[in-house]
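**Q** Dropping in run.txt, which is compact mmCIF, C-alpha atoms and all ligand atoms:
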# COMPACT_ATOMS: atom_id res chain seq x y z
CA MET A 1 -127.92 -32.07 72.69
CA ARG A 2 -125.98 -31.01 75.78
CA TYR A 3 -124.76 -27.47 76.39
CA LEU A 4 -121.87 -27.54 78.88
CA SER A 5 -120.30 -24.58 80.62
CA ALA A 6 -118.05 -24.28 83.66
CA ASP A 7 -116.09 -21.76 85.73
CA ARG A 8 -113.35 -22.29 83.16
CA ILE A 9 -112.99 -24.35 79.99
CA PHE A 10 -109.59 -25.56 78.79
CA ASN A 11 -109.65 -26.72 75.16
CA GLY A 12 -106.42 -28.76 75.20
CA LYS A 13 -104.20 -25.79 74.33
CA GLU A 14 -105.59 -22.77 76.22
CA PHE A 15 -108.45 -21.47 78.32
CA LEU A 16 -111.49 -20.35 76.33
CA ASP A 17 -113.40 -17.11 76.72
CA PRO A 18 -115.45 -17.30 79.98
CA ASN A 19 -118.71 -17.10 78.02
CA SER A 20 -117.98 -20.23 76.01
CA VAL A 21 -120.35 -23.16 75.92
CA LEU A 22 -119.48 -26.59 74.51
CA VAL A 23 -122.17 -28.41 72.55
CA PHE A 24 -122.19 -32.22 72.44
CA ASP A 25 -124.72 -34.51 70.79
CA ASP A 26 -126.43 -37.33 72.69
CA ASN A 27 -123.68 -39.78 71.67
CA GLY A 28 -120.96 -37.58 73.16
CA LEU A 29 -119.68 -36.28 69.82
CA PHE A 30 -118.48 -32.67 69.96
CA VAL A 31 -120.67 -30.43 67.78
CA GLU A 32 -119.36 -26.89 68.29
CA GLY A 33 -118.38 -24.16 70.72
CA VAL A 34 -120.88 -21.29 71.03
CA ASP A 35 -121.31 -18.10 73.06
CA ILE A 36 -123.53 -18.35 76.13
CA SER A 37 -125.89 -15.74 74.62
CA ALA A 38 -126.88 -18.30 71.98
CA VAL A 39 -128.08 -20.83 74.57
CA LYS A 40 -131.39 -20.85 76.45
CA ASN A 41 -130.97 -20.82 80.23
CA SER A 42 -133.01 -23.98 80.63
CA GLN A 43 -130.65 -25.85 78.25
CA LEU A 44 -127.43 -24.86 79.98
CA GLU A 45 -125.56 -27.37 82.16
CA HIS A 46 -123.20 -25.28 84.24
CA HIS A 47 -120.46 -26.90 86.33
CA LYS A 48 -118.19 -25.72 89.11
CA GLY A 49 -114.58 -26.42 88.19
CA VAL A 50 -112.58 -26.73 84.96
CA ILE A 51 -113.77 -28.59 81.86
CA THR A 52 -111.07 -30.31 79.78
CA PRO A 53 -110.99 -32.76 76.87
CA GLY A 54 -110.54 -36.46 77.77
CA PHE A 55 -107.11 -37.28 79.19
CA VAL A 56 -104.25 -39.05 77.43
CA ASN A 57 -101.98 -41.42 79.35
CA SER A 58 -98.83 -41.40 77.23
CA HIS A 59 -97.04 -44.21 79.05
CA CYS A 60 -98.55 -47.28 80.68
CA HIS A 61 -97.82 -51.01 80.92
CA LEU A 62 -101.28 -52.58 81.18
CA GLU A 63 -99.73 -56.06 81.14
CA LEU A 64 -98.07 -55.41 84.54
CA SER A 65 -101.38 -54.53 86.24
CA HIS A 66 -101.22 -57.68 88.41
CA MET A 67 -98.08 -56.31 90.11
CA LEU A 68 -99.89 -53.80 92.33
CA ASN A 69 -98.12 -53.66 95.73
CA MET A 70 -95.75 -56.49 94.75
CA ILE A 71 -92.53 -54.44 94.76
CA PRO A 72 -91.15 -52.52 97.76
CA GLN A 73 -91.00 -48.75 97.26
CA LYS A 74 -88.02 -46.37 97.12
CA THR A 75 -85.31 -49.03 97.00
CA GLY A 76 -83.72 -47.79 93.76
CA PHE A 77 -83.74 -48.95 90.17
CA LEU A 78 -81.59 -52.10 90.54
CA ASP A 79 -83.87 -53.65 93.15
CA PHE A 80 -86.93 -52.61 91.19
CA ALA A 81 -85.65 -54.15 87.94
CA LYS A 82 -84.71 -57.42 89.68
CA ASN A 83 -88.16 -57.60 91.27
CA ILE A 84 -89.95 -56.95 87.98
CA MET A 85 -88.02 -59.73 86.27
CA SER A 86 -88.39 -62.28 89.04
CA ARG A 87 -92.04 -61.57 89.92
CA ARG A 88 -93.82 -60.58 86.71
CA ASN A 89 -94.70 -64.20 85.90
CA SER A 90 -95.67 -65.13 89.46
CA VAL A 91 -99.40 -65.32 88.68
CA SER A 92 -101.39 -67.15 86.00
CA ILE A 93 -102.08 -65.64 82.57
CA GLU A 94 -105.79 -65.53 83.51
CA GLN A 95 -104.97 -63.42 86.58
CA MET A 96 -102.80 -61.10 84.46
CA ILE A 97 -105.62 -60.62 81.95
CA GLU A 98 -108.18 -59.99 84.72
CA ALA A 99 -105.87 -57.39 86.33
CA ALA A 100 -105.39 -55.71 82.93
CA LYS A 101 -109.19 -55.58 82.49
CA GLN A 102 -109.57 -53.89 85.87
CA GLY A 103 -106.76 -51.45 84.99
CA ASP A 104 -108.53 -50.58 81.75
CA ILE A 105 -111.88 -49.97 83.50
CA HIS A 106 -110.12 -47.88 86.15
CA MET A 107 -108.57 -45.68 83.43
CA GLN A 108 -111.98 -45.23 81.70
CA GLN A 109 -113.55 -44.19 85.01
CA ASN A 110 -110.74 -41.71 85.48
CA GLY A 111 -111.39 -39.80 82.28
CA ILE A 112 -108.68 -41.37 80.11
CA VAL A 113 -109.62 -41.70 76.43
CA ALA A 114 -106.29 -42.65 74.84
CA VAL A 115 -103.25 -44.57 76.09
CA GLY A 116 -99.73 -45.20 74.81
CA ASP A 117 -99.29 -48.68 76.23
CA ILE A 118 -96.15 -50.80 76.30
CA SER A 119 -96.54 -54.51 75.51
CA ASN A 120 -93.79 -57.13 75.57
CA ILE A 121 -96.28 -59.91 74.80
CA ASN A 122 -99.83 -60.17 73.45
CA ILE A 123 -101.87 -60.96 76.61
CA THR A 124 -103.57 -57.55 76.83
CA PHE A 125 -104.53 -57.27 73.14
CA ASP A 126 -108.07 -58.61 73.64
CA VAL A 127 -108.64 -56.31 76.62
CA LYS A 128 -107.63 -53.37 74.40
CA LYS A 129 -109.89 -54.54 71.60
CA GLN A 130 -112.92 -54.65 73.94
CA SER A 131 -112.13 -51.27 75.55
CA LYS A 132 -113.67 -47.86 74.91
CA ILE A 133 -110.18 -46.40 75.32
CA PHE A 134 -108.09 -45.91 72.18
CA TYR A 135 -104.81 -47.78 72.69
CA HIS A 136 -101.64 -47.16 70.76
CA THR A 137 -99.54 -50.20 71.65
CA PHE A 138 -95.78 -49.86 71.73
CA VAL A 139 -94.42 -53.34 71.07
CA GLU A 140 -91.32 -53.18 73.22
CA LEU A 141 -88.11 -54.90 72.16
CA LEU A 142 -84.90 -55.62 74.10
CA GLY A 143 -81.48 -56.84 73.04
CA LEU A 144 -78.09 -55.41 73.91
CA ASP A 145 -76.38 -57.87 71.55
CA PRO A 146 -76.37 -56.23 68.08
CA SER A 147 -76.47 -59.62 66.34
CA LYS A 148 -79.99 -60.17 67.76
CA SER A 149 -81.45 -57.01 66.15
CA VAL A 150 -82.90 -58.66 63.06
CA SER A 151 -84.62 -61.47 64.98
CA MET A 152 -86.03 -58.95 67.48
CA ILE A 153 -87.47 -56.85 64.67
CA TYR A 154 -89.11 -59.99 63.19
CA TYR A 155 -90.64 -60.77 66.59
CA GLY A 156 -91.87 -57.18 66.93
CA VAL A 157 -93.40 -57.10 63.47
CA SER A 158 -95.23 -60.39 64.17
CA LEU A 159 -96.87 -58.74 67.22
CA LEU A 160 -97.67 -55.64 65.16
CA ASN A 161 -99.44 -57.89 62.66
CA GLU A 162 -101.48 -59.43 65.49
CA LEU A 163 -102.52 -55.92 66.56
CA LYS A 164 -103.41 -55.00 62.99
CA ASN A 165 -105.59 -58.09 62.62
CA LEU A 166 -107.49 -57.01 65.73
CA GLY A 167 -107.92 -53.48 64.33
CA LEU A 168 -105.56 -52.01 66.96
CA ALA A 169 -102.87 -49.35 66.47
CA GLY A 170 -99.23 -49.97 67.27
CA SER A 171 -95.57 -49.34 66.59
CA LEU A 172 -92.22 -50.72 67.76
CA ALA A 173 -90.37 -49.36 70.79
CA PRO A 174 -86.87 -49.99 72.11
CA HIS A 175 -86.96 -50.59 75.89
CA ALA A 176 -83.98 -48.47 77.01
CA PRO A 177 -80.39 -47.71 75.99
CA TYR A 178 -79.01 -50.06 78.67
CA SER A 179 -81.02 -52.99 77.25
CA CYS A 180 -80.94 -52.30 73.50
CA SER A 181 -78.09 -52.07 71.03
CA VAL A 182 -77.71 -48.89 69.03
CA GLN A 183 -78.38 -51.02 65.93
CA LEU A 184 -81.72 -52.22 67.33
CA ILE A 185 -82.75 -48.68 68.32
CA LYS A 186 -81.90 -47.40 64.84
CA ALA A 187 -83.75 -50.25 63.11
CA ILE A 188 -86.86 -49.56 65.23
CA ALA A 189 -86.73 -45.80 64.68
CA ASP A 190 -86.34 -46.31 60.92
CA HIS A 191 -89.22 -48.81 60.83
CA ASN A 192 -91.52 -46.38 62.66
CA ALA A 193 -90.48 -43.37 60.59
CA LYS A 194 -91.17 -45.31 57.37
CA ASN A 195 -94.70 -45.96 58.66
CA ASN A 196 -95.13 -42.48 60.14
CA LEU A 197 -95.54 -43.85 63.67
CA PRO A 198 -94.24 -42.73 67.08
CA THR A 199 -91.29 -44.29 68.92
CA SER A 200 -91.11 -44.52 72.70
CA ILE A 201 -88.09 -45.28 74.89
CA HIS A 202 -87.39 -45.27 78.65
CA ASN A 203 -84.82 -42.54 79.17
CA GLN A 204 -82.48 -41.77 82.08
CA GLU A 205 -84.65 -43.31 84.76
CA SER A 206 -81.64 -43.70 87.05
CA GLU A 207 -78.21 -42.09 87.36
CA GLU A 208 -76.78 -45.62 87.14
CA GLU A 209 -78.03 -45.68 83.52
CA ASN A 210 -75.87 -42.65 82.72
CA LYS A 211 -72.86 -44.28 84.41
CA PHE A 212 -73.39 -47.56 82.54
CA LEU A 213 -73.47 -45.84 79.14
CA ARG A 214 -70.37 -43.80 80.01
CA GLY A 215 -68.59 -47.10 80.59
CA GLU A 216 -68.26 -46.53 84.34
CA LYS A 217 -68.95 -49.06 87.07
CA SER A 218 -72.69 -49.14 87.80
CA ASP A 219 -75.58 -51.17 89.21
CA PHE A 220 -76.17 -52.52 85.71
CA ASP A 221 -73.04 -54.70 86.07
CA GLU A 222 -74.87 -56.45 88.88
CA LEU A 223 -78.13 -56.55 86.95
CA TYR A 224 -76.49 -58.35 84.02
CA LYS A 225 -74.75 -60.73 86.47
CA PHE A 226 -78.19 -61.42 88.02
CA LEU A 227 -79.45 -62.19 84.49
CA GLN A 228 -76.38 -64.41 83.92
CA LEU A 229 -75.49 -62.50 80.77
CA ASP A 230 -71.83 -61.90 79.95
CA ILE A 231 -71.54 -58.36 78.62
CA SER A 232 -67.78 -57.99 79.00
CA TRP A 233 -67.69 -57.20 75.24
CA PHE A 234 -69.88 -54.10 75.78
CA LYS A 235 -67.59 -51.06 76.03
CA PRO A 236 -69.74 -47.94 75.79
CA LYS A 237 -68.14 -44.49 75.82
CA PHE A 238 -71.06 -42.10 75.59
CA LYS A 239 -71.61 -38.86 77.47
CA SER A 240 -74.90 -40.04 78.97
CA GLY A 241 -77.74 -42.51 78.54
CA LEU A 242 -79.44 -40.21 76.05
CA ASP A 243 -76.22 -39.55 74.14
CA ALA A 244 -76.01 -43.30 73.49
CA TYR A 245 -78.89 -43.26 71.01
CA ILE A 246 -80.16 -39.75 70.28
CA LYS A 247 -78.39 -39.62 66.90
CA GLU A 248 -80.17 -42.79 65.86
CA LEU A 249 -83.65 -41.37 66.44
CA ASN A 250 -84.90 -39.84 63.24
CA ALA A 251 -87.12 -36.80 62.84
CA GLY A 252 -90.31 -38.82 63.45
CA ILE A 253 -92.19 -38.43 66.75
CA ASN A 254 -90.21 -39.67 69.75
CA ILE A 255 -91.44 -40.03 73.32
CA LEU A 256 -88.71 -40.09 75.96
CA VAL A 257 -90.12 -41.54 79.18
CA HIS A 258 -89.05 -40.60 82.75
CA ASN A 259 -86.05 -38.26 82.13
CA THR A 260 -85.36 -38.19 85.86
CA PHE A 261 -81.61 -37.79 85.38
CA SER A 262 -81.41 -35.76 82.15
CA SER A 263 -78.87 -32.94 82.17
CA GLU A 264 -79.09 -29.55 80.50
CA ASP A 265 -76.84 -30.89 77.70
CA ASP A 266 -79.19 -33.83 77.23
CA LEU A 267 -82.22 -31.56 77.05
CA ARG A 268 -80.55 -29.44 74.39
CA SER A 269 -79.37 -32.36 72.30
CA VAL A 270 -82.74 -33.52 70.96
CA HIS A 271 -84.60 -32.57 67.79
CA SER A 272 -87.87 -30.64 67.96
CA ASN A 273 -90.23 -33.61 67.63
CA VAL A 274 -89.27 -35.06 71.00
CA PHE A 275 -91.87 -35.26 73.77
CA TRP A 276 -90.70 -35.56 77.36
CA CYS A 277 -93.09 -37.91 79.12
CA LEU A 278 -93.16 -37.45 82.88
CA CYS A 279 -94.17 -40.21 85.30
CA PRO A 280 -93.68 -38.56 88.70
CA SER A 281 -95.43 -41.20 90.84
CA ALA A 282 -93.25 -43.95 89.37
CA ASN A 283 -90.10 -41.85 89.89
CA LEU A 284 -91.05 -41.37 93.54
CA TYR A 285 -91.95 -45.05 93.90
CA ILE A 286 -88.67 -46.34 92.48
CA GLU A 287 -85.94 -43.73 92.97
CA ASP A 288 -87.71 -41.32 95.34
CA THR A 289 -86.57 -38.51 93.00
CA LEU A 290 -88.27 -36.23 90.50
CA PRO A 291 -86.75 -34.69 87.36
CA ASN A 292 -85.47 -31.12 87.74
CA TYR A 293 -88.62 -29.49 86.33
CA ASP A 294 -87.16 -25.95 86.29
CA GLN A 295 -84.28 -27.12 84.14
CA LEU A 296 -86.65 -29.10 81.93
CA LEU A 297 -88.98 -26.15 81.37
CA LYS A 298 -86.11 -23.82 80.54
CA ASN A 299 -85.45 -26.04 77.54
CA THR A 300 -88.79 -27.40 76.42
CA GLN A 301 -92.56 -27.12 76.78
CA GLN A 302 -93.17 -30.42 74.99
CA ILE A 303 -94.21 -32.44 78.01
CA CYS A 304 -96.83 -35.11 78.47
CA PHE A 305 -97.61 -37.55 81.29
CA GLY A 306 -97.63 -41.27 81.96
CA THR A 307 -98.78 -43.41 84.86
CA ASP A 308 -96.21 -46.14 84.16
CA SER A 309 -97.54 -49.47 85.47
CA LEU A 310 -99.18 -50.66 88.67
CA ALA A 311 -95.79 -52.23 89.49
CA SER A 312 -94.57 -48.71 90.26
CA ASN A 313 -97.76 -46.77 90.98
CA SER A 314 -100.73 -47.11 93.32
CA ASP A 315 -103.24 -46.40 90.55
CA LEU A 316 -103.55 -45.35 86.88
CA THR A 317 -105.16 -41.92 87.36
CA ILE A 318 -103.21 -39.74 84.96
CA VAL A 319 -104.66 -36.49 86.38
CA LYS A 320 -102.73 -37.26 89.59
CA GLU A 321 -99.46 -37.23 87.59
CA ALA A 322 -100.27 -33.83 86.09
CA GLY A 323 -101.25 -32.70 89.60
CA ILE A 324 -97.81 -33.54 90.99
CA PHE A 325 -96.15 -31.61 88.16
CA TYR A 326 -98.54 -28.70 88.74
CA SER A 327 -97.87 -28.63 92.49
CA LYS A 328 -94.11 -28.40 91.82
CA THR A 329 -94.17 -25.90 88.94
CA ASN A 330 -97.39 -23.91 89.32
CA LYS A 331 -97.85 -24.14 85.52
CA LEU A 332 -101.57 -24.82 85.17
CA GLU A 333 -101.98 -24.43 81.39
CA LEU A 334 -98.94 -26.56 80.65
CA SER A 335 -100.05 -29.25 83.12
CA LEU A 336 -103.45 -29.43 81.40
CA LYS A 337 -101.91 -29.33 77.92
CA GLY A 338 -99.59 -32.22 78.86
CA LEU A 339 -102.63 -34.13 80.04
CA THR A 340 -104.58 -33.60 76.81
CA TYR A 341 -103.26 -32.09 73.55
CA ASN A 342 -99.55 -32.82 74.03
CA GLY A 343 -100.29 -36.41 75.04
CA ALA A 344 -102.38 -36.88 71.90
CA LYS A 345 -99.74 -35.23 69.70
CA ALA A 346 -96.99 -37.41 71.18
CA LEU A 347 -98.95 -40.46 70.06
CA GLY A 348 -99.75 -38.95 66.65
CA LEU A 349 -103.44 -38.76 67.62
CA GLU A 350 -104.05 -35.01 67.73
CA ASP A 351 -106.71 -35.27 65.00
CA ARG A 352 -108.81 -37.55 67.20
CA PHE A 353 -108.02 -36.70 70.83
CA GLY A 354 -106.57 -34.05 73.12
CA SER A 355 -108.88 -31.14 72.19
CA PHE A 356 -112.54 -30.64 71.28
CA ILE A 357 -112.73 -31.76 67.65
CA LYS A 358 -115.92 -31.48 65.64
CA GLY A 359 -117.59 -34.82 64.99
CA LYS A 360 -115.26 -36.73 67.33
CA ASN A 361 -115.83 -38.31 70.71
CA THR A 362 -112.80 -36.82 72.41
CA GLY A 363 -114.13 -37.10 75.97
CA CYS A 364 -114.96 -34.26 78.34
CA ASN A 365 -113.88 -34.14 81.99
CA LEU A 366 -114.61 -31.88 84.93
CA ILE A 367 -111.70 -31.27 87.30
CA THR A 368 -110.92 -29.15 90.34
CA ASP A 369 -108.33 -26.42 90.22
CA ASP A 370 -107.56 -25.69 93.83
CA LYS A 371 -104.14 -24.09 93.31
CA LYS A 372 -102.16 -27.05 94.66
CA ASP A 373 -103.65 -30.10 93.06
CA LEU A 374 -105.70 -31.41 90.15
CA THR A 375 -108.48 -33.93 90.79
CA LEU A 376 -111.15 -35.38 88.54
CA ILE A 377 -114.65 -34.46 89.73
CA LYS A 378 -116.45 -36.43 87.05
CA VAL A 379 -116.43 -37.61 83.46
CA LEU A 380 -119.03 -35.44 81.68
CA CYS A 381 -119.04 -37.32 78.37
ZN ZN B 401 -92.32 -47.80 81.66
Would you mind giving the structure from this file in structure tokens?
Ligand SMILES: [Zn+2]

**A**
Amino acid sequence: MRYLSADRIFNGKEFLDPNSVLVFDDNGLFVEGVDISAVKNSQLEHHKGVITPGFVNSHCHLELSHMLNMIPQKTGFLDFAKNIMSRRNSVSIEQMIEAAKQGDIHMQQNGIVAVGDISNINITFDVKKQSKIFYHTFVELLGLDPSKSVSMIYYGVSLLNELKNLGLAGSLAPHAPYSCSVQLIKAIADHNAKNNLPTSIHNQESEEENKFLRGEKSDFDELYKFLQLDISWFKPKFKSGLDAYIKELNAGINILVHNTFSSEDDLRSVHSNVFWCLCPSANLYIEDTLPNYDQLLKNTQQICFGTDSLASNSDLTIVKEAGIFYSKTNKLELSLKGLTYNGAKALGLEDRFGSFIKGKNTGCNLITDDKKDLTLIKVLC
């Protein structure tokens, strides 16, 4: 048995009484929380810093791990998207798998116990199967042409079946409103709701996305030209990128990722099961902009964090993402909740991760709390 105490203990939702001690068995399973008076001095393992449950990375793309340092920073979304498309297949499959393995190990070493990971193809499935991390894979689908919806869903379900055969969790995910028809988004949301699974979508990552969905001239005209796709038939007239699809999302769990250019109206337009996943490093890498956190927090506390991929981030340390949010907002409890309980809830995993749950190996991390930043000191169990 291990009896862990620290300057402060955060249980995923709130700070515990200062006299609390967490008891874990030798396999790292959480046994119970007790008062310090019930523990012999010689048994107590006291740490300087803050103890938290294992972290949840709510948005990652493990299959892009080979793209570290491949794409120039701060050049805007159009350049970034063109670079992703032209360079993602520039190395061998073996190199991609090796990079994904390293990314997975890096996340384990950085206290991450569960990940919501986007996959377009199956190359990372074996890495996920071998990993100690719990992966919920979002099989991501694209298709602006509504007539392609049915075939895309078939493709997605075939990948879901592959995951199932490997004993891995997964659901379908539309990529973004500028790359998916409303019909495809609705079909995916319905499929996930029927199976009680979360849906994830990239939301308002650039202002150009809002312009494109309003039917205004935007960088996406050039992107589709670059892809040699004629979209002259596409005549959207929405109020924003989010307005294009929000009615199609059902009351199941939905994770909106990025939200860099979401307006007050957008924030108010969603139903209560929406989680706003923040990926500040990626926003700074691509657009050199962060969401308006004050505006966000006026409307919701349902935030969680994602690293995005190594194509748009220097590493996959999720605590760094929460640290950026914390340094801008000074909201310590919410930063830690986004890193743990909210992340787990967004993935539908709150019974297994995100807090200290009896009989479960939910992870236990020690972090600094030095007023300006959050850093992992070590993984305790
Ligand atoms: Zn992403």

**Q** Counting all atoms listed in the file, note down every residue that has an atom within 6 Å of the point (-105.2, -50.3, 76.9) (file coordinates), as a list in words.

**A**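 Answer for this query, in the requested form: Asp104, Lys128 and Tyr135 of chain A.
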
**Q** Please determine, counting only C-alpha atoms and all ligand atoms, which residue among A:Tyr154, A:Phe261, A:Phe80, A:Phe10 has the shortest atom-to-atom distance to ligand ZN 401 (chain B).

**A**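 Using only C-alpha atoms and all ligand atoms, ligand ZN 401 (chain B) sits closest to A:Phe80.
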
**Q** Using all atoms listed in the file, which residue out of A:Ile133, A:Val39, A:Leu141, A:Val115 lies closest to Ser5 in chain A?

**A**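 Distance minimum relative to Ser5 in chain A lands on A:Val39.
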
**Q** Please identify the residues whose atoms come within 10 Å of ligand ZN 401 (chain B), using all atoms listed in the file, and report them as a ChimeraX atom specification.

**A** /A:59-61,64,117-118,175-176,200-203,205,257-258,279,282,306-309,311-312

**Q** Rank nothing, just name the residue among A:Lys164, A:Lys345, A:Lys372, A:Lys225 nearest to Phe325 in chain A, using all atoms listed in the file.

**A**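 Closest residue, counting all atoms listed in the file: A:Lys372.
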
**Q** Emit as lines of an AutoDock Vina configuration file the padded axis-aligned box for all listed atoms of range 223-233 of chain A, 5 Å per side, with centre and edge lengths in Å to one decimal.

**A**
center_x = -73.6
center_y = -60.5
center_z = 81.6
size_x = 21.8
size_y = 17.9
size_z = 22.8

**Q** For CA of Asp288 in chain A and CA of Gly143 in chain A, determine how far apart the two atoms are, in Å to one decimal place.

**A**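 Result for CA of Asp288 in chain A versus CA of Gly143 in chain A: 27.9 Å, one decimal.
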